[in-house]
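**Student:** Starting off with a structure, shown below.
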Amino acid sequence: RIVHLPHTDLKDPIDSLKTAILYLNTNNGYTRFEDGTKVESVANRFVTFPNHTEHTGTSTSDTEYRLVINFNYV
């Protein structure tokens, strides 16, 4: 499994924005936040957090794809 580098979704994060992830399929991938919180990839899970929060994702090794939709919104 590949663990990607921590990041924010915008080059210059904006405090008034939120970021969210919608997990479309269940697999052994996950999202990890800068505070160490780990969110497993479970179908239909929706996680929202401040836009400035660094996070990282992983690939999956038990399904062909890890499918997510990422949202950045006010």
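Scheme for the structure tokens: letters A, B, ... for chains in order shown; per-chain residue numbers from 1; ligand numbers from 1 in order shown.
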Can you tell me which residues surround region 31-36 of chain A at a distance of at most 9 Å, considering only C-alpha atoms, apart from same-chain residues fewer than 4 positions away, and format the answer as a PyMOL selection string?
**Tutor:** chain A and resi 6+40-41+53-58
**Student:** Output the selection as a PDB file, in the first residue's frame - all heavy atoms for each residue.
**Tutor:**
ATOM      1  N   PRO A   6       1.440  14.176   3.270  1.00  0.00           N
ATOM      2  CA  PRO A   6       0.421  15.064   3.845  1.00  0.00           C
ATOM      3  C   PRO A   6       0.283  16.329   3.003  1.00  0.00           C
ATOM      4  O   PRO A   6       1.261  16.817   2.422  1.00  0.00           O
ATOM      5  CB  PRO A   6       0.972  15.400   5.230  1.00  0.00           C
ATOM      6  CG  PRO A   6       1.937  14.308   5.537  1.00  0.00           C
ATOM      7  CD  PRO A   6       2.515  13.901   4.219  1.00  0.00           C
ATOM      8  N   GLU A  40     -11.092   5.045   8.127  1.00  0.00           N
ATOM      9  CA  GLU A  40     -11.105   3.916   7.197  1.00  0.00           C
ATOM     10  C   GLU A  40     -11.998   4.228   6.002  1.00  0.00           C
ATOM     11  O   GLU A  40     -12.986   4.953   6.116  1.00  0.00           O
ATOM     12  CB  GLU A  40     -11.631   2.657   7.902  1.00  0.00           C
ATOM     13  CG  GLU A  40     -10.858   2.265   9.147  1.00  0.00           C
ATOM     14  CD  GLU A  40      -9.475   1.706   8.867  1.00  0.00           C
ATOM     15  OE1 GLU A  40      -9.207   1.305   7.713  1.00  0.00           O
ATOM     16  OE2 GLU A  40      -8.655   1.684   9.800  1.00  0.00           O
ATOM     17  N   SER A  41     -11.655   3.674   4.848  1.00  0.00           N
ATOM     18  CA  SER A  41     -12.463   3.842   3.637  1.00  0.00           C
ATOM     19  C   SER A  41     -13.657   2.894   3.687  1.00  0.00           C
ATOM     20  O   SER A  41     -13.524   1.689   3.466  1.00  0.00           O
ATOM     21  CB  SER A  41     -11.620   3.544   2.402  1.00  0.00           C
ATOM     22  OG  SER A  41     -10.620   4.511   2.232  1.00  0.00           O
ATOM     23  N   THR A  53      -6.549  21.808   7.354  1.00  0.00           N
ATOM     24  CA  THR A  53      -6.085  20.586   8.014  1.00  0.00           C
ATOM     25  C   THR A  53      -5.288  19.709   7.043  1.00  0.00           C
ATOM     26  O   THR A  53      -5.803  19.298   6.004  1.00  0.00           O
ATOM     27  CB  THR A  53      -7.278  19.770   8.547  1.00  0.00           C
ATOM     28  OG1 THR A  53      -8.049  20.597   9.419  1.00  0.00           O
ATOM     29  CG2 THR A  53      -6.806  18.530   9.293  1.00  0.00           C
ATOM     30  N   GLU A  54      -4.044  19.441   7.385  1.00  0.00           N
ATOM     31  CA  GLU A  54      -3.250  18.538   6.548  1.00  0.00           C
ATOM     32  C   GLU A  54      -3.766  17.116   6.711  1.00  0.00           C
ATOM     33  O   GLU A  54      -4.141  16.687   7.800  1.00  0.00           O
ATOM     34  CB  GLU A  54      -1.771  18.610   6.921  1.00  0.00           C
ATOM     35  CG  GLU A  54      -1.112  19.863   6.417  1.00  0.00           C
ATOM     36  CD  GLU A  54       0.403  19.737   6.350  1.00  0.00           C
ATOM     37  OE1 GLU A  54       0.977  18.720   6.784  1.00  0.00           O
ATOM     38  OE2 GLU A  54       1.020  20.696   5.846  1.00  0.00           O
ATOM     39  N   HIS A  55      -3.782  16.394   5.603  1.00  0.00           N
ATOM     40  CA  HIS A  55      -4.262  15.017   5.600  1.00  0.00           C
ATOM     41  C   HIS A  55      -3.538  14.253   4.498  1.00  0.00           C
ATOM     42  O   HIS A  55      -2.896  14.838   3.627  1.00  0.00           O
ATOM     43  CB  HIS A  55      -5.782  14.975   5.388  1.00  0.00           C
ATOM     44  CG  HIS A  55      -6.224  15.645   4.134  1.00  0.00           C
ATOM     45  ND1 HIS A  55      -6.286  17.026   4.020  1.00  0.00           N
ATOM     46  CD2 HIS A  55      -6.616  15.155   2.939  1.00  0.00           C
ATOM     47  CE1 HIS A  55      -6.691  17.345   2.808  1.00  0.00           C
ATOM     48  NE2 HIS A  55      -6.900  16.218   2.121  1.00  0.00           N
ATOM     49  N   THR A  56      -3.625  12.953   4.567  1.00  0.00           N
ATOM     50  CA  THR A  56      -3.021  12.102   3.553  1.00  0.00           C
ATOM     51  C   THR A  56      -3.918  10.908   3.319  1.00  0.00           C
ATOM     52  O   THR A  56      -4.732  10.562   4.175  1.00  0.00           O
ATOM     53  CB  THR A  56      -1.606  11.635   3.973  1.00  0.00           C
ATOM     54  OG1 THR A  56      -1.014  10.921   2.892  1.00  0.00           O
ATOM     55  CG2 THR A  56      -1.644  10.761   5.201  1.00  0.00           C
ATOM     56  N   GLY A  57      -3.781  10.315   2.172  1.00  0.00           N
ATOM     57  CA  GLY A  57      -4.539   9.113   1.852  1.00  0.00           C
ATOM     58  C   GLY A  57      -3.595   7.998   1.451  1.00  0.00           C
ATOM     59  O   GLY A  57      -2.388   8.210   1.308  1.00  0.00           O
ATOM     60  N   THR A  58      -4.152   6.829   1.287  1.00  0.00           N
ATOM     61  CA  THR A  58      -3.367   5.676   0.866  1.00  0.00           C
ATOM     62  C   THR A  58      -4.026   5.028  -0.342  1.00  0.00           C
ATOM     63  O   THR A  58      -5.188   5.276  -0.639  1.00  0.00           O
ATOM     64  CB  THR A  58      -3.282   4.610   1.970  1.00  0.00           C
ATOM     65  OG1 THR A  58      -4.587   4.060   2.167  1.00  0.00           O
ATOM     66  CG2 THR A  58      -2.757   5.183   3.266  1.00  0.00           C
TER      67      THR A  58
END
**Student:** Using only C-alpha atoms, which protein or nucleic acid residues come within 7 Å of Val74 (chain A)? Drop anything in the same chain fewer than 6 positions from it, and give the result as an NGL selection string.
**Tutor:** :A and (16-18)
**Student:** Using only all heavy atoms, please write the residues we just selected to a file, as an mmCIF file, in the first residue's frame.
**Tutor:**
data_model
loop_
_atom_site.group_PDB
_atom_site.id
_atom_site.type_symbol
_atom_site.label_atom_id
_atom_site.label_comp_id
_atom_site.auth_asym_id
_atom_site.auth_seq_id
_atom_site.Cartn_x
_atom_site.Cartn_y
_atom_site.Cartn_z
ATOM 1 N N SER A 16 -12.095 29.904 6.128
ATOM 2 C CA SER A 16 -13.555 29.847 6.048
ATOM 3 C C SER A 16 -14.059 28.677 5.191
ATOM 4 O O SER A 16 -15.247 28.403 5.173
ATOM 5 C CB SER A 16 -14.105 31.158 5.478
ATOM 6 O OG SER A 16 -13.616 31.361 4.164
ATOM 7 N N LEU A 17 -13.159 27.988 4.513
ATOM 8 C CA LEU A 17 -13.560 26.855 3.673
ATOM 9 C C LEU A 17 -13.500 25.540 4.438
ATOM 10 O O LEU A 17 -12.755 25.406 5.414
ATOM 11 C CB LEU A 17 -12.656 26.739 2.442
ATOM 12 C CG LEU A 17 -12.725 27.859 1.421
ATOM 13 C CD1 LEU A 17 -11.799 27.545 0.243
ATOM 14 C CD2 LEU A 17 -14.134 28.079 0.933
ATOM 15 N N LYS A 18 -14.271 24.591 3.970
ATOM 16 C CA LYS A 18 -14.260 23.227 4.501
ATOM 17 C C LYS A 18 -13.810 22.285 3.386
ATOM 18 O O LYS A 18 -13.960 22.584 2.203
ATOM 19 C CB LYS A 18 -15.656 22.798 4.960
ATOM 20 C CG LYS A 18 -16.235 23.643 6.052
ATOM 21 C CD LYS A 18 -15.571 23.358 7.358
ATOM 22 C CE LYS A 18 -16.288 24.129 8.470
ATOM 23 N NZ LYS A 18 -15.500 24.151 9.668
#
**Student:** Ranking A:Ile2, A:Val42, A:Leu10, A:Val47 by minimum distance to Asn25 (chain A) and counting only C-alpha atoms, which one comes first?
**Tutor:**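 Distance minimum relative to Asn25 (chain A) lands on A:Val42.
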**Student:** For Asp9 (chain A), please output as a list in words all residues within 12 Å (counting only C-alpha atoms; exclusion window: fewer than 4 positions along the same chain).
**Tutor:** Leu5, Pro13, Ile14, Leu17, Lys18, Thr19, Ala20, Ile21, Phe49, Pro50, Asn51, His52, Thr53, Glu54, His55, Thr56, Asn70, Phe71, Asn72 and Tyr73 of chain A
**Student:** Measure the distance from CA of Tyr65 (chain A) to CA of Thr26 (chain A) in Å and round it to one decimal.
**Tutor:**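 For CA of Tyr65 (chain A) relative to CA of Thr26 (chain A), the distance reads 9.7 Å.
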**Student:** Between A:Asp12, A:Arg1, A:Arg45, A:His7, which has the minimum distance to Leu67 (chain A) (counting only C-alpha atoms)?
**Tutor:**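 Closest candidate: A:Arg45.
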**Student:** Would you compute the distance between CA of Leu24 (chain A) and CA of Thr60 (chain A)? Give it in Å to one decimal.
**Tutor:**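 Taking CA of Leu24 (chain A) and CA of Thr60 (chain A), their separation equals 13.1 Å.
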**Student:** Could you please write out, as a PDB file with all heavy atoms, in the first residue's frame, every residue of chain A that DSSP assigns to strand (DSSP E)?
**Tutor:**
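Okay, this is what ended up in states-v3.pdb:
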ATOM      1  N   LYS A  18     -14.271  24.591   3.970  1.00  0.00           N
ATOM      2  CA  LYS A  18     -14.260  23.227   4.501  1.00  0.00           C
ATOM      3  C   LYS A  18     -13.810  22.285   3.386  1.00  0.00           C
ATOM      4  O   LYS A  18     -13.960  22.584   2.203  1.00  0.00           O
ATOM      5  CB  LYS A  18     -15.656  22.798   4.960  1.00  0.00           C
ATOM      6  CG  LYS A  18     -16.235  23.643   6.052  1.00  0.00           C
ATOM      7  CD  LYS A  18     -15.571  23.358   7.358  1.00  0.00           C
ATOM      8  CE  LYS A  18     -16.288  24.129   8.470  1.00  0.00           C
ATOM      9  NZ  LYS A  18     -15.500  24.151   9.668  1.00  0.00           N
ATOM     10  N   THR A  19     -13.274  21.175   3.779  1.00  0.00           N
ATOM     11  CA  THR A  19     -12.948  20.092   2.856  1.00  0.00           C
ATOM     12  C   THR A  19     -13.726  18.875   3.331  1.00  0.00           C
ATOM     13  O   THR A  19     -13.925  18.691   4.528  1.00  0.00           O
ATOM     14  CB  THR A  19     -11.433  19.794   2.853  1.00  0.00           C
ATOM     15  OG1 THR A  19     -10.750  20.952   2.379  1.00  0.00           O
ATOM     16  CG2 THR A  19     -11.086  18.618   1.976  1.00  0.00           C
ATOM     17  N   ALA A  20     -14.177  18.061   2.392  1.00  0.00           N
ATOM     18  CA  ALA A  20     -14.892  16.842   2.748  1.00  0.00           C
ATOM     19  C   ALA A  20     -14.489  15.732   1.791  1.00  0.00           C
ATOM     20  O   ALA A  20     -14.071  15.985   0.655  1.00  0.00           O
ATOM     21  CB  ALA A  20     -16.396  17.061   2.692  1.00  0.00           C
ATOM     22  N   ILE A  21     -14.606  14.514   2.278  1.00  0.00           N
ATOM     23  CA  ILE A  21     -14.329  13.322   1.468  1.00  0.00           C
ATOM     24  C   ILE A  21     -15.539  12.407   1.566  1.00  0.00           C
ATOM     25  O   ILE A  21     -16.009  12.105   2.668  1.00  0.00           O
ATOM     26  CB  ILE A  21     -13.072  12.584   1.968  1.00  0.00           C
ATOM     27  CG1 ILE A  21     -11.857  13.511   1.953  1.00  0.00           C
ATOM     28  CG2 ILE A  21     -12.822  11.333   1.128  1.00  0.00           C
ATOM     29  CD1 ILE A  21     -10.640  12.946   2.665  1.00  0.00           C
ATOM     30  N   LEU A  22     -16.022  11.982   0.412  1.00  0.00           N
ATOM     31  CA  LEU A  22     -17.074  10.970   0.335  1.00  0.00           C
ATOM     32  C   LEU A  22     -16.427   9.690  -0.174  1.00  0.00           C
ATOM     33  O   LEU A  22     -15.863   9.667  -1.265  1.00  0.00           O
ATOM     34  CB  LEU A  22     -18.189  11.413  -0.618  1.00  0.00           C
ATOM     35  CG  LEU A  22     -19.273  10.368  -0.908  1.00  0.00           C
ATOM     36  CD1 LEU A  22     -20.004   9.958   0.369  1.00  0.00           C
ATOM     37  CD2 LEU A  22     -20.236  10.895  -1.960  1.00  0.00           C
ATOM     38  N   TYR A  23     -16.481   8.657   0.623  1.00  0.00           N
ATOM     39  CA  TYR A  23     -15.900   7.358   0.266  1.00  0.00           C
ATOM     40  C   TYR A  23     -16.941   6.554  -0.511  1.00  0.00           C
ATOM     41  O   TYR A  23     -18.045   6.324  -0.018  1.00  0.00           O
ATOM     42  CB  TYR A  23     -15.474   6.602   1.533  1.00  0.00           C
ATOM     43  CG  TYR A  23     -14.443   7.369   2.331  1.00  0.00           C
ATOM     44  CD1 TYR A  23     -14.834   8.332   3.267  1.00  0.00           C
ATOM     45  CD2 TYR A  23     -13.094   7.167   2.136  1.00  0.00           C
ATOM     46  CE1 TYR A  23     -13.901   9.049   3.986  1.00  0.00           C
ATOM     47  CE2 TYR A  23     -12.140   7.887   2.854  1.00  0.00           C
ATOM     48  CZ  TYR A  23     -12.553   8.823   3.783  1.00  0.00           C
ATOM     49  OH  TYR A  23     -11.623   9.538   4.490  1.00  0.00           O
ATOM     50  N   TYR A  30      -7.205   4.311   3.623  1.00  0.00           N
ATOM     51  CA  TYR A  30      -7.669   5.195   4.689  1.00  0.00           C
ATOM     52  C   TYR A  30      -7.185   6.612   4.454  1.00  0.00           C
ATOM     53  O   TYR A  30      -6.335   6.864   3.591  1.00  0.00           O
ATOM     54  CB  TYR A  30      -7.208   4.700   6.064  1.00  0.00           C
ATOM     55  CG  TYR A  30      -5.705   4.599   6.217  1.00  0.00           C
ATOM     56  CD1 TYR A  30      -4.937   5.695   6.607  1.00  0.00           C
ATOM     57  CD2 TYR A  30      -5.042   3.398   5.984  1.00  0.00           C
ATOM     58  CE1 TYR A  30      -3.564   5.599   6.746  1.00  0.00           C
ATOM     59  CE2 TYR A  30      -3.664   3.294   6.119  1.00  0.00           C
ATOM     60  CZ  TYR A  30      -2.935   4.402   6.502  1.00  0.00           C
ATOM     61  OH  TYR A  30      -1.571   4.318   6.632  1.00  0.00           O
ATOM     62  N   THR A  31      -7.712   7.529   5.239  1.00  0.00           N
ATOM     63  CA  THR A  31      -7.251   8.911   5.306  1.00  0.00           C
ATOM     64  C   THR A  31      -6.708   9.129   6.706  1.00  0.00           C
ATOM     65  O   THR A  31      -7.321   8.707   7.680  1.00  0.00           O
ATOM     66  CB  THR A  31      -8.418   9.891   5.044  1.00  0.00           C
ATOM     67  OG1 THR A  31      -8.992   9.612   3.767  1.00  0.00           O
ATOM     68  CG2 THR A  31      -7.956  11.329   5.109  1.00  0.00           C
ATOM     69  N   ARG A  32      -5.553   9.776   6.807  1.00  0.00           N
ATOM     70  CA  ARG A  32      -4.988  10.102   8.125  1.00  0.00           C
ATOM     71  C   ARG A  32      -4.823  11.617   8.198  1.00  0.00           C
ATOM     72  O   ARG A  32      -4.340  12.241   7.267  1.00  0.00           O
ATOM     73  CB  ARG A  32      -3.651   9.423   8.365  1.00  0.00           C
ATOM     74  CG  ARG A  32      -3.158   9.653   9.802  1.00  0.00           C
ATOM     75  CD  ARG A  32      -1.878   8.931  10.138  1.00  0.00           C
ATOM     76  NE  ARG A  32      -1.923   7.512   9.937  1.00  0.00           N
ATOM     77  CZ  ARG A  32      -2.344   6.600  10.817  1.00  0.00           C
ATOM     78  NH1 ARG A  32      -2.813   6.992  11.976  1.00  0.00           N
ATOM     79  NH2 ARG A  32      -2.293   5.316  10.537  1.00  0.00           N
ATOM     80  N   PHE A  33      -5.232  12.169   9.352  1.00  0.00           N
ATOM     81  CA  PHE A  33      -5.151  13.611   9.572  1.00  0.00           C
ATOM     82  C   PHE A  33      -3.925  13.957  10.398  1.00  0.00           C
ATOM     83  O   PHE A  33      -3.345  13.102  11.072  1.00  0.00           O
ATOM     84  CB  PHE A  33      -6.427  14.098  10.258  1.00  0.00           C
ATOM     85  CG  PHE A  33      -7.628  13.954   9.363  1.00  0.00           C
ATOM     86  CD1 PHE A  33      -8.432  12.830   9.449  1.00  0.00           C
ATOM     87  CD2 PHE A  33      -7.927  14.919   8.424  1.00  0.00           C
ATOM     88  CE1 PHE A  33      -9.526  12.680   8.613  1.00  0.00           C
ATOM     89  CE2 PHE A  33      -9.007  14.779   7.581  1.00  0.00           C
ATOM     90  CZ  PHE A  33      -9.816  13.651   7.677  1.00  0.00           C
ATOM     91  N   LYS A  38      -7.284   8.439  12.116  1.00  0.00           N
ATOM     92  CA  LYS A  38      -7.323   7.605  10.915  1.00  0.00           C
ATOM     93  C   LYS A  38      -8.777   7.276  10.593  1.00  0.00           C
ATOM     94  O   LYS A  38      -9.519   6.801  11.456  1.00  0.00           O
ATOM     95  CB  LYS A  38      -6.542   6.315  11.173  1.00  0.00           C
ATOM     96  CG  LYS A  38      -6.467   5.370  10.021  1.00  0.00           C
ATOM     97  CD  LYS A  38      -5.617   4.168  10.425  1.00  0.00           C
ATOM     98  CE  LYS A  38      -5.619   3.092   9.393  1.00  0.00           C
ATOM     99  NZ  LYS A  38      -4.824   1.926   9.819  1.00  0.00           N
ATOM    100  N   VAL A  39      -9.192   7.542   9.350  1.00  0.00           N
ATOM    101  CA  VAL A  39     -10.553   7.257   8.903  1.00  0.00           C
ATOM    102  C   VAL A  39     -10.482   6.173   7.835  1.00  0.00           C
ATOM    103  O   VAL A  39      -9.855   6.359   6.786  1.00  0.00           O
ATOM    104  CB  VAL A  39     -11.238   8.525   8.341  1.00  0.00           C
ATOM    105  CG1 VAL A  39     -12.623   8.192   7.810  1.00  0.00           C
ATOM    106  CG2 VAL A  39     -11.310   9.604   9.415  1.00  0.00           C
ATOM    107  N   GLU A  40     -11.092   5.045   8.127  1.00  0.00           N
ATOM    108  CA  GLU A  40     -11.105   3.916   7.197  1.00  0.00           C
ATOM    109  C   GLU A  40     -11.998   4.228   6.002  1.00  0.00           C
ATOM    110  O   GLU A  40     -12.986   4.953   6.116  1.00  0.00           O
ATOM    111  CB  GLU A  40     -11.631   2.657   7.902  1.00  0.00           C
ATOM    112  CG  GLU A  40     -10.858   2.265   9.147  1.00  0.00           C
ATOM    113  CD  GLU A  40      -9.475   1.706   8.867  1.00  0.00           C
ATOM    114  OE1 GLU A  40      -9.207   1.305   7.713  1.00  0.00           O
ATOM    115  OE2 GLU A  40      -8.655   1.684   9.800  1.00  0.00           O
ATOM    116  N   PHE A  46     -18.962   9.998   4.910  1.00  0.00           N
ATOM    117  CA  PHE A  46     -18.709  11.387   4.536  1.00  0.00           C
ATOM    118  C   PHE A  46     -18.005  12.057   5.697  1.00  0.00           C
ATOM    119  O   PHE A  46     -18.546  12.098   6.803  1.00  0.00           O
ATOM    120  CB  PHE A  46     -20.037  12.091   4.217  1.00  0.00           C
ATOM    121  CG  PHE A  46     -19.873  13.462   3.635  1.00  0.00           C
ATOM    122  CD1 PHE A  46     -19.619  13.627   2.286  1.00  0.00           C
ATOM    123  CD2 PHE A  46     -20.016  14.590   4.425  1.00  0.00           C
ATOM    124  CE1 PHE A  46     -19.504  14.895   1.733  1.00  0.00           C
ATOM    125  CE2 PHE A  46     -19.895  15.863   3.889  1.00  0.00           C
ATOM    126  CZ  PHE A  46     -19.631  16.014   2.539  1.00  0.00           C
ATOM    127  N   VAL A  47     -16.808  12.557   5.459  1.00  0.00           N
ATOM    128  CA  VAL A  47     -16.016  13.193   6.511  1.00  0.00           C
ATOM    129  C   VAL A  47     -15.741  14.634   6.093  1.00  0.00           C
ATOM    130  O   VAL A  47     -15.314  14.887   4.956  1.00  0.00           O
ATOM    131  CB  VAL A  47     -14.683  12.444   6.718  1.00  0.00           C
ATOM    132  CG1 VAL A  47     -13.822  13.130   7.745  1.00  0.00           C
ATOM    133  CG2 VAL A  47     -14.941  11.005   7.112  1.00  0.00           C
ATOM    134  N   THR A  48     -15.980  15.577   6.994  1.00  0.00           N
ATOM    135  CA  THR A  48     -15.712  16.983   6.696  1.00  0.00           C
ATOM    136  C   THR A  48     -14.755  17.556   7.739  1.00  0.00           C
ATOM    137  O   THR A  48     -14.765  17.123   8.896  1.00  0.00           O
ATOM    138  CB  THR A  48     -17.037  17.786   6.626  1.00  0.00           C
ATOM    139  OG1 THR A  48     -16.752  19.108   6.177  1.00  0.00           O
ATOM    140  CG2 THR A  48     -17.754  17.813   7.945  1.00  0.00           C
ATOM    141  N   PHE A  49     -13.924  18.510   7.311  1.00  0.00           N
ATOM    142  CA  PHE A  49     -12.904  19.064   8.197  1.00  0.00           C
ATOM    143  C   PHE A  49     -12.468  20.429   7.674  1.00  0.00           C
ATOM    144  O   PHE A  49     -12.717  20.772   6.508  1.00  0.00           O
ATOM    145  CB  PHE A  49     -11.705  18.107   8.324  1.00  0.00           C
ATOM    146  CG  PHE A  49     -11.148  17.604   7.013  1.00  0.00           C
ATOM    147  CD1 PHE A  49     -10.078  18.225   6.404  1.00  0.00           C
ATOM    148  CD2 PHE A  49     -11.712  16.496   6.390  1.00  0.00           C
ATOM    149  CE1 PHE A  49      -9.564  17.759   5.201  1.00  0.00           C
ATOM    150  CE2 PHE A  49     -11.200  16.009   5.196  1.00  0.00           C
ATOM    151  CZ  PHE A  49     -10.128  16.650   4.592  1.00  0.00           C
ATOM    152  N   PRO A  50     -11.823  21.251   8.525  1.00  0.00           N
ATOM    153  CA  PRO A  50     -11.361  22.568   8.087  1.00  0.00           C
ATOM    154  C   PRO A  50     -10.375  22.449   6.919  1.00  0.00           C
ATOM    155  O   PRO A  50      -9.522  21.554   6.900  1.00  0.00           O
ATOM    156  CB  PRO A  50     -10.677  23.150   9.325  1.00  0.00           C
ATOM    157  CG  PRO A  50     -11.289  22.412  10.474  1.00  0.00           C
ATOM    158  CD  PRO A  50     -11.557  21.025   9.950  1.00  0.00           C
ATOM    159  N   HIS A  55      -3.782  16.394   5.603  1.00  0.00           N
ATOM    160  CA  HIS A  55      -4.262  15.017   5.600  1.00  0.00           C
ATOM    161  C   HIS A  55      -3.538  14.253   4.498  1.00  0.00           C
ATOM    162  O   HIS A  55      -2.896  14.838   3.627  1.00  0.00           O
ATOM    163  CB  HIS A  55      -5.782  14.975   5.388  1.00  0.00           C
ATOM    164  CG  HIS A  55      -6.224  15.645   4.134  1.00  0.00           C
ATOM    165  ND1 HIS A  55      -6.286  17.026   4.020  1.00  0.00           N
ATOM    166  CD2 HIS A  55      -6.616  15.155   2.939  1.00  0.00           C
ATOM    167  CE1 HIS A  55      -6.691  17.345   2.808  1.00  0.00           C
ATOM    168  NE2 HIS A  55      -6.900  16.218   2.121  1.00  0.00           N
ATOM    169  N   THR A  56      -3.625  12.953   4.567  1.00  0.00           N
ATOM    170  CA  THR A  56      -3.021  12.102   3.553  1.00  0.00           C
ATOM    171  C   THR A  56      -3.918  10.908   3.319  1.00  0.00           C
ATOM    172  O   THR A  56      -4.732  10.562   4.175  1.00  0.00           O
ATOM    173  CB  THR A  56      -1.606  11.635   3.973  1.00  0.00           C
ATOM    174  OG1 THR A  56      -1.014  10.921   2.892  1.00  0.00           O
ATOM    175  CG2 THR A  56      -1.644  10.761   5.201  1.00  0.00           C
ATOM    176  N   GLY A  57      -3.781  10.315   2.172  1.00  0.00           N
ATOM    177  CA  GLY A  57      -4.539   9.113   1.852  1.00  0.00           C
ATOM    178  C   GLY A  57      -3.595   7.998   1.451  1.00  0.00           C
ATOM    179  O   GLY A  57      -2.388   8.210   1.308  1.00  0.00           O
ATOM    180  N   VAL A  68     -12.997   7.856  -4.108  1.00  0.00           N
ATOM    181  CA  VAL A  68     -13.465   8.925  -3.233  1.00  0.00           C
ATOM    182  C   VAL A  68     -13.826  10.141  -4.080  1.00  0.00           C
ATOM    183  O   VAL A  68     -13.326  10.296  -5.198  1.00  0.00           O
ATOM    184  CB  VAL A  68     -12.415   9.336  -2.173  1.00  0.00           C
ATOM    185  CG1 VAL A  68     -12.019   8.166  -1.294  1.00  0.00           C
ATOM    186  CG2 VAL A  68     -11.193   9.942  -2.817  1.00  0.00           C
ATOM    187  N   ILE A  69     -14.702  10.966  -3.555  1.00  0.00           N
ATOM    188  CA  ILE A  69     -14.952  12.282  -4.134  1.00  0.00           C
ATOM    189  C   ILE A  69     -14.561  13.308  -3.092  1.00  0.00           C
ATOM    190  O   ILE A  69     -14.929  13.198  -1.924  1.00  0.00           O
ATOM    191  CB  ILE A  69     -16.440  12.475  -4.507  1.00  0.00           C
ATOM    192  CG1 ILE A  69     -16.859  11.457  -5.562  1.00  0.00           C
ATOM    193  CG2 ILE A  69     -16.665  13.904  -5.029  1.00  0.00           C
ATOM    194  CD1 ILE A  69     -18.343  11.489  -5.893  1.00  0.00           C
ATOM    195  N   ASN A  70     -13.774  14.287  -3.519  1.00  0.00           N
ATOM    196  CA  ASN A  70     -13.277  15.326  -2.635  1.00  0.00           C
ATOM    197  C   ASN A  70     -14.041  16.610  -2.894  1.00  0.00           C
ATOM    198  O   ASN A  70     -14.247  16.987  -4.044  1.00  0.00           O
ATOM    199  CB  ASN A  70     -11.780  15.498  -2.918  1.00  0.00           C
ATOM    200  CG  ASN A  70     -11.167  16.536  -2.058  1.00  0.00           C
ATOM    201  OD1 ASN A  70     -11.081  17.677  -2.474  1.00  0.00           O
ATOM    202  ND2 ASN A  70     -10.721  16.163  -0.888  1.00  0.00           N
ATOM    203  N   PHE A  71     -14.466  17.283  -1.829  1.00  0.00           N
ATOM    204  CA  PHE A  71     -15.197  18.549  -1.924  1.00  0.00           C
ATOM    205  C   PHE A  71     -14.440  19.626  -1.177  1.00  0.00           C
ATOM    206  O   PHE A  71     -13.920  19.393  -0.087  1.00  0.00           O
ATOM    207  CB  PHE A  71     -16.571  18.427  -1.256  1.00  0.00           C
ATOM    208  CG  PHE A  71     -17.459  17.373  -1.847  1.00  0.00           C
ATOM    209  CD1 PHE A  71     -17.421  16.083  -1.354  1.00  0.00           C
ATOM    210  CD2 PHE A  71     -18.339  17.697  -2.872  1.00  0.00           C
ATOM    211  CE1 PHE A  71     -18.255  15.101  -1.875  1.00  0.00           C
ATOM    212  CE2 PHE A  71     -19.177  16.714  -3.400  1.00  0.00           C
ATOM    213  CZ  PHE A  71     -19.133  15.422  -2.910  1.00  0.00           C
ATOM    214  N   ASN A  72     -14.381  20.812  -1.742  1.00  0.00           N
ATOM    215  CA  ASN A  72     -13.889  22.014  -1.062  1.00  0.00           C
ATOM    216  C   ASN A  72     -14.993  23.040  -1.201  1.00  0.00           C
ATOM    217  O   ASN A  72     -15.407  23.376  -2.314  1.00  0.00           O
ATOM    218  CB  ASN A  72     -12.592  22.510  -1.691  1.00  0.00           C
ATOM    219  CG  ASN A  72     -11.450  21.559  -1.415  1.00  0.00           C
ATOM    220  OD1 ASN A  72     -10.955  21.504  -0.303  1.00  0.00           O
ATOM    221  ND2 ASN A  72     -11.051  20.787  -2.409  1.00  0.00           N
ATOM    222  N   TYR A  73     -15.520  23.539  -0.069  1.00  0.00           N
ATOM    223  CA  TYR A  73     -16.720  24.375  -0.124  1.00  0.00           C
ATOM    224  C   TYR A  73     -16.750  25.392   1.019  1.00  0.00           C
ATOM    225  O   TYR A  73     -15.980  25.287   1.973  1.00  0.00           O
ATOM    226  CB  TYR A  73     -17.974  23.498  -0.082  1.00  0.00           C
ATOM    227  CG  TYR A  73     -18.131  22.706   1.203  1.00  0.00           C
ATOM    228  CD1 TYR A  73     -18.925  23.182   2.226  1.00  0.00           C
ATOM    229  CD2 TYR A  73     -17.465  21.490   1.397  1.00  0.00           C
ATOM    230  CE1 TYR A  73     -19.067  22.479   3.409  1.00  0.00           C
ATOM    231  CE2 TYR A  73     -17.611  20.782   2.568  1.00  0.00           C
ATOM    232  CZ  TYR A  73     -18.398  21.275   3.568  1.00  0.00           C
ATOM    233  OH  TYR A  73     -18.530  20.587   4.734  1.00  0.00           O
TER     234      TYR A  73
END
